[in-house]
Amino acid sequence: MNNPLDRRRFLTSAVLGSAGVVAGATALGSLAPEAVAAPMPKLDKNGIDPNFAEGRITAINGSMLMVTASDRSFHRIQLTKATSVWKLRPTTMDQAKVGDGLYARGVRMPDGVLAADALWLNIVNLEAHIVSMGTNVLHLDHNGNRLVGHVVPGTTAAVYNGTPAVRDLSMLQVGKHAQVIGAWRPDTNEVDIATVYAAAA
Amino acid sequence: MLQTLAALAPLPVGVLLLLASRVKLLGKNTPEVARRSALRKLVGDERVVGAYRAVGAGELVLGALLVLPPSSVVEAAVATAACAGLLGYLGYARLKAPDSSCGCLSEKVAPVRWRSFARAALMLVTAAVALGAPGYWLGAIADRPLATVGLLAGWFALASALSAELDGYWLVPLRRLRVRLSHPLGKFVPGIPLESTMDILYRSAEYRSAVGLIRSDVLEWWDEGTWRIVTFAARNGDEHGTAVFAVPLAGDGEIKAVLVPADEPVAA
């Protein structure tokens with residue numbers, strides 16, 4: 001099962017039930033409700049969430065990320081095969097680069113390492129105005145500052161009026177408000193756009 | 001020609017000052033506009049509305065003096081000093097309150113940028129030229145109507161182009177027209193975005209029944225015929241596994257879900 005394609009084939013047949021021989025597989029719908037209502041860890045009212053980290057990657061050591069948070073605290077974040085990594089799209093841990101900003105959620109180990117369940121690299125959420133458009137580029141005004149939003153064909157999606165996402169960006173309008181979820185290009189005023197939310201006329 | 005220019009100069013400066021005072025004295029949301037401006041930083045919270053109105057009153061008086069006869073060198077000198085003061089104010093706003101709005105010519109939010117400086121410089125130069133005015137501007141227009149009206153039109157066009165507040169009237173429609181003609185984002189890209197699938201999945205009973213077990217965001221996704229397969233890391237007590245969902249690409253119909261136990265150590 002080391003070949004990723006074999007693994008995908010295995011998981012596909014498991015979920016679609018065509019093989020019908022998945023040992024130990026549980027249909028998720030039949031899980032007991034107690035499992036859903038798993039107790040949430042209690043948080044100190046004014047304390048920080050130990051299972052969350054943010055910051056920028058200062059070094060990478062194998063699958064361990066060294067991160068400096070915005071309050072200058074230092075975090076070690078351990079990635080595993082079960083860690084989801086987002087960088088403009090779901091991707092793999094080798095996409096994490098020194099200088100990337102990140103948000104990570106996971107479980108804090110006794111030695112202080114955060115074993116990450118999910119990692120979002122360079123993710124930004126911007127409320128902006130569309131100032132102008134070019135080929136695969138949206139020029140955005142964010143609180144008076146200019147940003148360049150790059151459209152990535154095949155990845156960038158648009159949500160109009162809250163309806164399901166589509167690839168068609170032609171309904172975006174100059175001068176209108178837009179919310180952009182995207183991946184920041186570190187130390188620039190440029191973002192790659194994952195999803196743009198806008199009102200269609 | 002120079003005499004004509006000088007005689008004409010008080011008129012555009014005066015008109016612009018009158019327009020500016022209109023916003024400050026007759027605007028519908030003057031207190032809000034005042035608080036958004038850099039004046040707030042300069043004179044403090046309590047006095048900002050009063051100061052803003054006082055500036056408006058000053059602009060009204062000076063604008064009226066410049067536009068109405070007679071023409072005098074004192075008016076022009078005061079206007080020149082006022083425009084120099086405006087440049088100073090803009091510099092202060094840029095340095096000390098870069099997020100504030102200019103509050104100059106309209107109630108629209110327009111942060112101080114190079115265009116604000118260019119417009120103030122244009123006013124300063126014009127007011128300085130007015131120092132040499134040989135007489136009232138009406139005389140100059142009567143002497144050479146075509147040239148003077150053309151000059152004035154050009155001046156106001158330049159001042160409008162330098163006013164971020166007025167972009168909505170000409171720049172945005174122009175850019176919209178260009179987008180309508182060139183369709184920079186109109187290229188057809190086939191395929192259904194993952195976002196669309198996730199929207200369906202997150203609202204499904206299958207996902208919600210399993211959400212307590214799911215530990216990660218999307219691990220992997222791929223398309224298989226009419227299905228889109230999405231996987232998550234899952235944990236049930238001490239058991240690790242992979243939650244696998246199959247969502248119909250068409251968006252309607254049954255969603256399939258299964259929890260596959262880990263068949264290999266999770267550690268990388």
# chains A, B, ... in the order shown; residues from 1 in each chain; ligands from 1
$ residues_around --residues "region 33-43 of chain B" --least-positions-apart "2" --cutoff "12 Å" --atoms "only C-alpha atoms" --output "VMD selection string"
chain B and resid 23 to 31 45 to 56 86 88 to 112
$ write_last_selection --atoms "N, CA and C atoms" --output "compact mmCIF listing (two decimals), in the first residue's frame"
# COMPACT_ATOMS: atom_id res chain seq x y z
N VAL B 23 -19.08 70.31 1.03
CA VAL B 23 -19.06 69.01 1.70
C VAL B 23 -19.01 69.20 3.22
N LYS B 24 -18.19 70.17 3.65
CA LYS B 24 -17.95 70.31 5.09
C LYS B 24 -19.10 70.99 5.80
N LEU B 25 -19.83 71.87 5.08
CA LEU B 25 -20.91 72.64 5.73
C LEU B 25 -22.29 72.05 5.48
N LEU B 26 -22.51 71.47 4.29
CA LEU B 26 -23.86 71.00 3.95
C LEU B 26 -23.96 69.48 3.84
N GLY B 27 -22.83 68.77 4.08
CA GLY B 27 -22.85 67.31 3.94
C GLY B 27 -23.84 66.66 4.89
N LYS B 28 -24.32 65.48 4.50
CA LYS B 28 -25.32 64.79 5.32
C LYS B 28 -24.68 64.10 6.53
N ASN B 29 -23.44 63.67 6.36
CA ASN B 29 -22.80 62.90 7.44
C ASN B 29 -21.52 63.59 7.91
N THR B 30 -21.61 64.91 8.04
CA THR B 30 -20.40 65.67 8.35
C THR B 30 -19.64 65.13 9.58
N PRO B 31 -20.32 64.82 10.70
CA PRO B 31 -19.55 64.33 11.86
C PRO B 31 -18.75 63.07 11.54
N ASP B 45 -10.44 64.23 19.48
CA ASP B 45 -11.76 63.68 19.21
C ASP B 45 -12.89 64.69 19.41
N GLU B 46 -12.81 65.51 20.48
CA GLU B 46 -13.94 66.38 20.83
C GLU B 46 -14.05 67.56 19.87
N ARG B 47 -12.89 68.00 19.39
CA ARG B 47 -12.92 69.24 18.61
C ARG B 47 -12.97 68.99 17.12
N VAL B 48 -12.92 67.70 16.69
CA VAL B 48 -12.71 67.44 15.27
C VAL B 48 -13.86 67.96 14.41
N VAL B 49 -15.12 67.79 14.88
CA VAL B 49 -16.26 68.22 14.05
C VAL B 49 -16.26 69.74 13.91
N GLY B 50 -16.01 70.43 15.03
CA GLY B 50 -15.95 71.89 14.99
C GLY B 50 -14.84 72.38 14.08
N ALA B 51 -13.67 71.75 14.20
CA ALA B 51 -12.52 72.16 13.39
C ALA B 51 -12.82 71.93 11.91
N TYR B 52 -13.46 70.79 11.63
CA TYR B 52 -13.78 70.46 10.24
C TYR B 52 -14.73 71.51 9.65
N ARG B 53 -15.75 71.89 10.45
CA ARG B 53 -16.70 72.91 9.98
C ARG B 53 -16.01 74.27 9.83
N ALA B 54 -15.08 74.56 10.75
CA ALA B 54 -14.37 75.83 10.66
C ALA B 54 -13.55 75.89 9.39
N VAL B 55 -12.88 74.76 9.04
CA VAL B 55 -12.13 74.71 7.79
C VAL B 55 -13.07 74.97 6.62
N GLY B 56 -14.28 74.35 6.71
CA GLY B 56 -15.27 74.54 5.65
C GLY B 56 -15.68 76.00 5.53
N LEU B 86 -2.57 73.25 3.04
CA LEU B 86 -3.21 71.99 2.66
C LEU B 86 -2.17 70.91 2.36
N GLY B 88 0.78 70.78 3.58
CA GLY B 88 1.34 70.39 4.88
C GLY B 88 0.42 69.42 5.62
N TYR B 89 -0.89 69.72 5.56
CA TYR B 89 -1.88 68.84 6.21
C TYR B 89 -1.85 67.44 5.60
N LEU B 90 -1.74 67.39 4.26
CA LEU B 90 -1.70 66.08 3.58
C LEU B 90 -0.46 65.31 3.99
N GLY B 91 0.66 66.03 4.09
CA GLY B 91 1.89 65.36 4.51
C GLY B 91 1.75 64.79 5.92
N TYR B 92 1.12 65.60 6.78
CA TYR B 92 0.87 65.14 8.16
C TYR B 92 -0.02 63.90 8.15
N ALA B 93 -1.10 63.95 7.33
CA ALA B 93 -2.04 62.83 7.27
C ALA B 93 -1.33 61.56 6.78
N ARG B 94 -0.47 61.72 5.77
CA ARG B 94 0.22 60.56 5.19
C ARG B 94 1.15 59.93 6.22
N LEU B 95 1.78 60.77 7.02
CA LEU B 95 2.77 60.25 7.97
C LEU B 95 2.12 59.74 9.25
N LYS B 96 1.16 60.53 9.78
CA LYS B 96 0.66 60.24 11.12
C LYS B 96 -0.65 59.46 11.12
N ALA B 97 -1.45 59.59 10.09
CA ALA B 97 -2.73 58.88 10.06
C ALA B 97 -2.98 58.34 8.65
N PRO B 98 -2.12 57.41 8.20
CA PRO B 98 -2.20 56.96 6.81
C PRO B 98 -3.52 56.27 6.45
N ASP B 99 -4.24 55.79 7.46
CA ASP B 99 -5.50 55.10 7.16
C ASP B 99 -6.68 56.05 7.12
N SER B 100 -6.48 57.31 7.48
CA SER B 100 -7.60 58.24 7.52
C SER B 100 -7.95 58.68 6.10
N SER B 101 -9.17 59.22 5.98
CA SER B 101 -9.60 59.70 4.69
C SER B 101 -9.22 61.17 4.57
N CYS B 102 -9.10 61.64 3.32
CA CYS B 102 -8.75 63.04 3.10
C CYS B 102 -9.85 63.95 3.62
N GLY B 103 -11.11 63.61 3.31
CA GLY B 103 -12.23 64.46 3.73
C GLY B 103 -12.25 65.77 2.99
N CYS B 104 -11.56 65.82 1.85
CA CYS B 104 -11.36 67.09 1.16
C CYS B 104 -12.58 67.49 0.34
N LEU B 105 -12.91 66.66 -0.63
CA LEU B 105 -13.82 67.13 -1.67
C LEU B 105 -15.14 66.37 -1.69
N SER B 106 -15.23 65.24 -0.98
CA SER B 106 -16.50 64.53 -0.98
C SER B 106 -16.56 63.65 0.25
N GLU B 107 -17.74 63.07 0.49
CA GLU B 107 -17.89 62.23 1.67
C GLU B 107 -17.33 60.84 1.44
N LYS B 108 -16.95 60.55 0.21
CA LYS B 108 -16.38 59.22 -0.07
C LYS B 108 -15.04 59.07 0.63
N VAL B 109 -14.76 57.85 1.07
CA VAL B 109 -13.47 57.59 1.71
C VAL B 109 -12.38 57.63 0.65
N ALA B 110 -11.41 58.49 0.85
CA ALA B 110 -10.31 58.59 -0.11
C ALA B 110 -9.03 58.82 0.65
N PRO B 111 -8.28 57.76 0.92
CA PRO B 111 -7.03 57.92 1.67
C PRO B 111 -6.06 58.83 0.92
N VAL B 112 -5.18 59.47 1.67
CA VAL B 112 -4.22 60.40 1.07
C VAL B 112 -3.17 59.62 0.30
$ closest_atom_pairs --of "chain B" --to "chain A" --cutoff "6 Å" --atoms "only C-alpha atoms" --output "Markdown table"
| residue | atom | partner | partner_atom | distance |
| --- | --- | --- | --- | --- |
| B:Arg176 | CA | A:Val174 | CA | 5.8 |
| B:Pro184 | CA | A:Thr135 | CA | 4.5 |
| B:Leu185 | CA | A:Ser170 | CA | 5.4 |
| B:Gly186 | CA | A:Ser170 | CA | 4.7 |
| B:Glu195 | CA | A:Ala165 | CA | 5.8 |
| B:Ser196 | CA | A:Ala165 | CA | 4.6 |
| B:Glu206 | CA | A:Gly29 | CA | 5.6 |
| B:Gly212 | CA | A:Val36 | CA | 4.2 |
| B:Arg215 | CA | A:Asp117 | CA | 5.9 |
| B:Ser216 | CA | A:Ala118 | CA | 4.9 |
| B:Asp217 | CA | A:Ser84 | CA | 5.4 |
| B:Val218 | CA | A:Ser84 | CA | 5.9 |
| B:Leu219 | CA | A:Ser84 | CA | 4.6 |
| B:Ala233 | CA | A:Ala82 | CA | 5.3 |
| B:Ala257 | CA | A:Leu28 | CA | 5.6 |
| B:Val258 | CA | A:Ala27 | CA | 4.5 |
| B:Leu259 | CA | A:Thr26 | CA | 5.1 |
| B:Val260 | CA | A:Ala25 | CA | 4.8 |
| B:Val266 | CA | A:Lys81 | CA | 5.8 |
| B:Ala267 | CA | A:Thr80 | CA | 5.1 |
| B:Ala268 | CA | A:Thr80 | CA | 4.8 |
$ select_by_dssp --residues "chain A" --states "strand (DSSP E or B)" --output "PyMOL selection string"
chain A and resi 26-27+52-61+64-68+74-78+84-87+89-91+101-108+114-121+123-134+137-142+145-151+157-160+166+177-184+190-198
$ write_last_selection --atoms "C-alpha atoms" --output "short mmCIF file (atom, residue, chain, number, x, y, z; two decimals), in the first residue's frame"
data_model
loop_
_atom_site.label_atom_id
_atom_site.label_comp_id
_atom_site.auth_asym_id
_atom_site.auth_seq_id
_atom_site.Cartn_x
_atom_site.Cartn_y
_atom_site.Cartn_z
CA THR A 26 -17.06 0.94 9.36
CA ALA A 27 -19.84 2.68 7.54
CA PHE A 52 -3.32 25.79 18.27
CA ALA A 53 -0.31 27.60 16.89
CA GLU A 54 0.33 30.40 14.43
CA GLY A 55 3.46 32.04 13.15
CA ARG A 56 6.07 31.82 10.46
CA ILE A 57 8.34 28.91 9.68
CA THR A 58 11.92 29.73 10.60
CA ALA A 59 13.39 26.27 9.99
CA ILE A 60 12.35 22.81 8.84
CA ASN A 61 13.92 19.69 10.24
CA MET A 64 9.30 19.07 12.22
CA LEU A 65 8.57 22.75 11.64
CA MET A 66 10.20 25.42 13.81
CA VAL A 67 7.79 28.33 14.05
CA THR A 68 8.06 31.81 15.54
CA PHE A 74 8.53 29.53 19.67
CA HIS A 75 6.67 26.41 18.56
CA ARG A 76 7.73 23.03 17.26
CA ILE A 77 5.14 21.48 14.99
CA GLN A 78 5.31 17.80 14.07
CA SER A 84 -3.76 17.77 6.30
CA VAL A 85 -1.72 20.51 4.65
CA TRP A 86 -3.37 23.41 2.85
CA LYS A 87 -1.42 25.74 0.62
CA ARG A 89 -5.27 23.72 -2.12
CA PRO A 90 -4.96 20.47 -0.15
CA THR A 91 -1.37 19.46 -0.68
CA GLY A 101 3.06 31.83 7.55
CA LEU A 102 0.89 29.16 9.12
CA TYR A 103 -2.00 28.22 11.35
CA ALA A 104 -1.84 24.75 12.89
CA ARG A 105 -4.30 22.75 14.96
CA GLY A 106 -3.46 19.49 16.68
CA VAL A 107 -2.60 17.97 20.01
CA ARG A 108 0.10 19.32 22.33
CA LEU A 114 2.34 20.30 18.67
CA ALA A 115 1.40 17.15 16.75
CA ALA A 116 -0.53 18.80 13.95
CA ASP A 117 -3.81 17.44 12.65
CA ALA A 118 -4.30 20.26 10.21
CA LEU A 119 -1.97 22.91 8.85
CA TRP A 120 -2.87 25.94 6.74
CA LEU A 121 0.04 27.67 5.03
CA ILE A 123 -3.89 31.38 4.31
CA VAL A 124 -5.48 34.84 4.27
CA ASN A 125 -9.06 36.07 4.43
CA LEU A 126 -9.44 39.52 2.91
CA GLU A 127 -12.35 41.91 2.61
CA ALA A 128 -11.51 44.04 -0.38
CA HIS A 129 -12.76 46.01 -3.35
CA ILE A 130 -11.98 45.02 -6.90
CA VAL A 131 -10.14 47.99 -8.36
CA SER A 132 -9.24 46.59 -11.73
CA MET A 133 -8.76 43.35 -13.64
CA GLY A 134 -6.15 41.97 -15.98
CA VAL A 137 -5.17 39.10 -12.13
CA LEU A 138 -7.50 40.95 -9.79
CA HIS A 139 -6.23 44.26 -8.44
CA LEU A 140 -7.70 44.70 -4.98
CA ASP A 141 -8.01 47.60 -2.58
CA HIS A 142 -7.74 46.43 1.02
CA ASN A 145 -3.69 49.39 0.26
CA ARG A 146 -3.27 47.77 -3.11
CA LEU A 147 -3.07 43.98 -3.38
CA VAL A 148 -2.51 41.82 -6.43
CA GLY A 149 -4.71 38.74 -6.49
CA HIS A 150 -3.55 36.05 -8.89
CA VAL A 151 -6.15 33.81 -10.46
CA ALA A 157 -13.22 29.26 -7.58
CA ALA A 158 -15.91 31.88 -7.22
CA VAL A 159 -18.96 31.86 -4.97
CA TYR A 160 -21.69 34.22 -6.14
CA VAL A 166 -17.99 27.63 -9.77
CA HIS A 177 -16.79 44.31 -2.88
CA ALA A 178 -15.21 40.86 -2.75
CA GLN A 179 -14.05 38.52 -0.01
CA VAL A 180 -10.96 36.58 -0.93
CA ILE A 181 -9.63 33.40 0.65
CA GLY A 182 -6.18 32.82 -0.69
CA ALA A 183 -2.55 32.00 -0.14
CA TRP A 184 -0.24 34.91 0.55
CA GLU A 190 0.41 39.37 -3.71
CA VAL A 191 -1.97 36.51 -3.03
CA ASP A 192 -3.00 33.48 -5.04
CA ILE A 193 -6.76 33.27 -4.91
CA ALA A 194 -8.43 30.07 -3.75
CA THR A 195 -12.00 31.33 -3.47
CA VAL A 196 -13.52 34.71 -4.13
CA TYR A 197 -16.95 35.52 -2.69
CA ALA A 198 -18.89 38.21 -4.48
#
$ closest_residue --among "B:Ile192, B:Ala77, B:Gly14, B:Asp143" --to "Val129 (chain B)" --atoms "only C-alpha atoms"
B:Ala77
$ atom_distance --atom1 "CA of Met1 (chain B)" --atom2 "CA of Leu151 (chain B)"
11.4 Å
$ select_by_dssp --residues "region 56-118 of chain B" --states "alpha helix (DSSP H)" --output "number ranges by chain"
B: 56-67, 73-96, 114-118
$ write_last_selection --atoms "N, CA and C atoms" --output "short mmCIF file (atom, residue, chain, number, x, y, z; two decimals), in the first residue's frame"
data_model
loop_
_atom_site.label_atom_id
_atom_site.label_comp_id
_atom_site.auth_asym_id
_atom_site.auth_seq_id
_atom_site.Cartn_x
_atom_site.Cartn_y
_atom_site.Cartn_z
N GLY B 56 -14.28 74.35 6.71
CA GLY B 56 -15.27 74.54 5.65
C GLY B 56 -15.68 76.00 5.53
N ALA B 57 -15.88 76.67 6.68
CA ALA B 57 -16.27 78.09 6.66
C ALA B 57 -15.16 78.92 6.04
N GLY B 58 -13.92 78.63 6.41
CA GLY B 58 -12.78 79.34 5.83
C GLY B 58 -12.72 79.16 4.33
N GLU B 59 -12.94 77.91 3.88
CA GLU B 59 -12.92 77.64 2.45
C GLU B 59 -14.02 78.42 1.73
N LEU B 60 -15.21 78.50 2.39
CA LEU B 60 -16.34 79.22 1.79
C LEU B 60 -16.00 80.69 1.59
N VAL B 61 -15.45 81.30 2.64
CA VAL B 61 -15.13 82.73 2.57
C VAL B 61 -14.06 82.98 1.52
N LEU B 62 -13.00 82.19 1.57
CA LEU B 62 -11.88 82.39 0.65
C LEU B 62 -12.32 82.12 -0.80
N GLY B 63 -13.10 81.04 -0.98
CA GLY B 63 -13.59 80.70 -2.32
C GLY B 63 -14.45 81.81 -2.87
N ALA B 64 -15.34 82.35 -2.03
CA ALA B 64 -16.24 83.43 -2.48
C ALA B 64 -15.43 84.67 -2.84
N LEU B 65 -14.43 84.99 -2.02
CA LEU B 65 -13.60 86.16 -2.30
C LEU B 65 -12.88 86.02 -3.63
N LEU B 66 -12.40 84.80 -3.91
CA LEU B 66 -11.64 84.59 -5.14
C LEU B 66 -12.54 84.66 -6.37
N VAL B 67 -13.76 84.11 -6.23
CA VAL B 67 -14.64 84.03 -7.38
C VAL B 67 -15.33 85.37 -7.63
N VAL B 73 -4.64 91.16 -4.79
CA VAL B 73 -3.44 90.35 -4.58
C VAL B 73 -3.45 89.72 -3.18
N VAL B 74 -4.18 90.35 -2.25
CA VAL B 74 -4.24 89.82 -0.88
C VAL B 74 -4.97 88.47 -0.88
N GLU B 75 -6.12 88.44 -1.60
CA GLU B 75 -6.86 87.17 -1.73
C GLU B 75 -5.94 86.08 -2.24
N ALA B 76 -5.22 86.39 -3.33
CA ALA B 76 -4.35 85.40 -3.95
C ALA B 76 -3.27 84.96 -2.98
N ALA B 77 -2.75 85.88 -2.20
CA ALA B 77 -1.70 85.53 -1.23
C ALA B 77 -2.27 84.61 -0.15
N VAL B 78 -3.47 84.94 0.33
CA VAL B 78 -4.09 84.08 1.35
C VAL B 78 -4.36 82.69 0.77
N ALA B 79 -4.85 82.65 -0.49
CA ALA B 79 -5.13 81.36 -1.13
C ALA B 79 -3.85 80.55 -1.28
N THR B 80 -2.76 81.21 -1.67
CA THR B 80 -1.48 80.50 -1.81
C THR B 80 -1.05 79.91 -0.47
N ALA B 81 -1.18 80.73 0.58
CA ALA B 81 -0.81 80.24 1.91
C ALA B 81 -1.70 79.07 2.31
N ALA B 82 -3.00 79.17 2.00
CA ALA B 82 -3.93 78.10 2.37
C ALA B 82 -3.58 76.80 1.64
N CYS B 83 -3.22 76.92 0.36
CA CYS B 83 -2.86 75.71 -0.41
C CYS B 83 -1.57 75.10 0.11
N ALA B 84 -0.63 75.97 0.51
CA ALA B 84 0.60 75.44 1.12
C ALA B 84 0.26 74.72 2.42
N GLY B 85 -0.70 75.31 3.18
CA GLY B 85 -1.15 74.66 4.41
C GLY B 85 -1.79 73.32 4.13
N LEU B 86 -2.57 73.25 3.04
CA LEU B 86 -3.21 71.99 2.66
C LEU B 86 -2.17 70.91 2.36
N LEU B 87 -1.11 71.33 1.63
CA LEU B 87 -0.03 70.36 1.35
C LEU B 87 0.58 69.85 2.65
N GLY B 88 0.78 70.78 3.58
CA GLY B 88 1.34 70.39 4.88
C GLY B 88 0.42 69.42 5.62
N TYR B 89 -0.89 69.72 5.56
CA TYR B 89 -1.88 68.84 6.21
C TYR B 89 -1.85 67.44 5.60
N LEU B 90 -1.74 67.39 4.26
CA LEU B 90 -1.70 66.08 3.58
C LEU B 90 -0.46 65.31 3.99
N GLY B 91 0.66 66.03 4.09
CA GLY B 91 1.89 65.36 4.51
C GLY B 91 1.75 64.79 5.92
N TYR B 92 1.12 65.60 6.78
CA TYR B 92 0.87 65.14 8.16
C TYR B 92 -0.02 63.90 8.15
N ALA B 93 -1.10 63.95 7.33
CA ALA B 93 -2.04 62.83 7.27
C ALA B 93 -1.33 61.56 6.78
N ARG B 94 -0.47 61.72 5.77
CA ARG B 94 0.22 60.56 5.19
C ARG B 94 1.15 59.93 6.22
N LEU B 95 1.78 60.77 7.02
CA LEU B 95 2.77 60.25 7.97
C LEU B 95 2.12 59.74 9.25
N LYS B 96 1.16 60.53 9.78
CA LYS B 96 0.66 60.24 11.12
C LYS B 96 -0.65 59.46 11.12
N TRP B 114 -0.66 59.84 -3.67
CA TRP B 114 0.07 60.83 -4.48
C TRP B 114 -0.86 61.76 -5.22
N ARG B 115 -2.06 61.28 -5.57
CA ARG B 115 -2.97 62.13 -6.33
C ARG B 115 -3.45 63.32 -5.49
N SER B 116 -3.66 63.06 -4.17
CA SER B 116 -4.06 64.17 -3.30
C SER B 116 -2.99 65.25 -3.28
N PHE B 117 -1.71 64.80 -3.21
CA PHE B 117 -0.61 65.75 -3.21
C PHE B 117 -0.54 66.51 -4.53
N ALA B 118 -0.73 65.78 -5.63
CA ALA B 118 -0.64 66.42 -6.94
C ALA B 118 -1.75 67.46 -7.09
#
